[in-house]
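Visitor: The structure follows.
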Amino acid sequence: RGTLRKIIKKHKPHLRLAANTDLLVRRAPGEPAAYLLLKVHLSFLLFLHRLAEEARMNAFENKSKIIKPEHTIAAAKVIRHF
């Protein structure tokens, strides 16, 4: 648990993580712990990519050249519903 949180904090130190963030991914029986860390990291990167794309589309729709916090918040609400 601690290792996973350290890895995420190392790559994205400004993020606030919920206490149970790292419990959302389960390891298959017999699967090495390193694979779990890679899966979590990949899932995290895919989430950030999708969030950035949604926020970019929101900014474009609002004719904004800059992605503002409200664009990202709206994108997070859309992603949360899927």
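In the structure tokens, chains take the letters A, B, ... in the order shown, each chain's residues start at 1, and ligands count up from 1 in the order shown.
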Residues within 12 Å of Glu53 (chain A), please, as a list in words. Count only C-alpha atoms; anything in the same chain fewer than 4 positions from it doesn't count.
Guide: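 That gives Leu46, Phe47, Leu48, His49, Met57, Asn58, Ala59, Phe60, Ile67, His71, Thr72, Ala74, Ala75, Ala76, Val78 and Ile79 of chain A.
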Visitor: What does the structure give for the distance between CA of His11 (chain A) and CA of Glu54 (chain A), in Å to one decimal?
Guide: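 Interatomic distance here is 21.4 Å.
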Visitor: Between A:Phe44, A:Lys9, A:Glu70, A:Lys39, which is the closest to Arg56 (chain A) once you count only C-alpha atoms?
Guide: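 The closest residue to Arg56 (chain A) is A:Glu70.
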Visitor: In Å, how far is it from CA of Leu15 (chain A) to CA of Lys68 (chain A)?
Guide: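 CA of Lys68 (chain A) lies 17.0 Å from CA of Leu15 (chain A).
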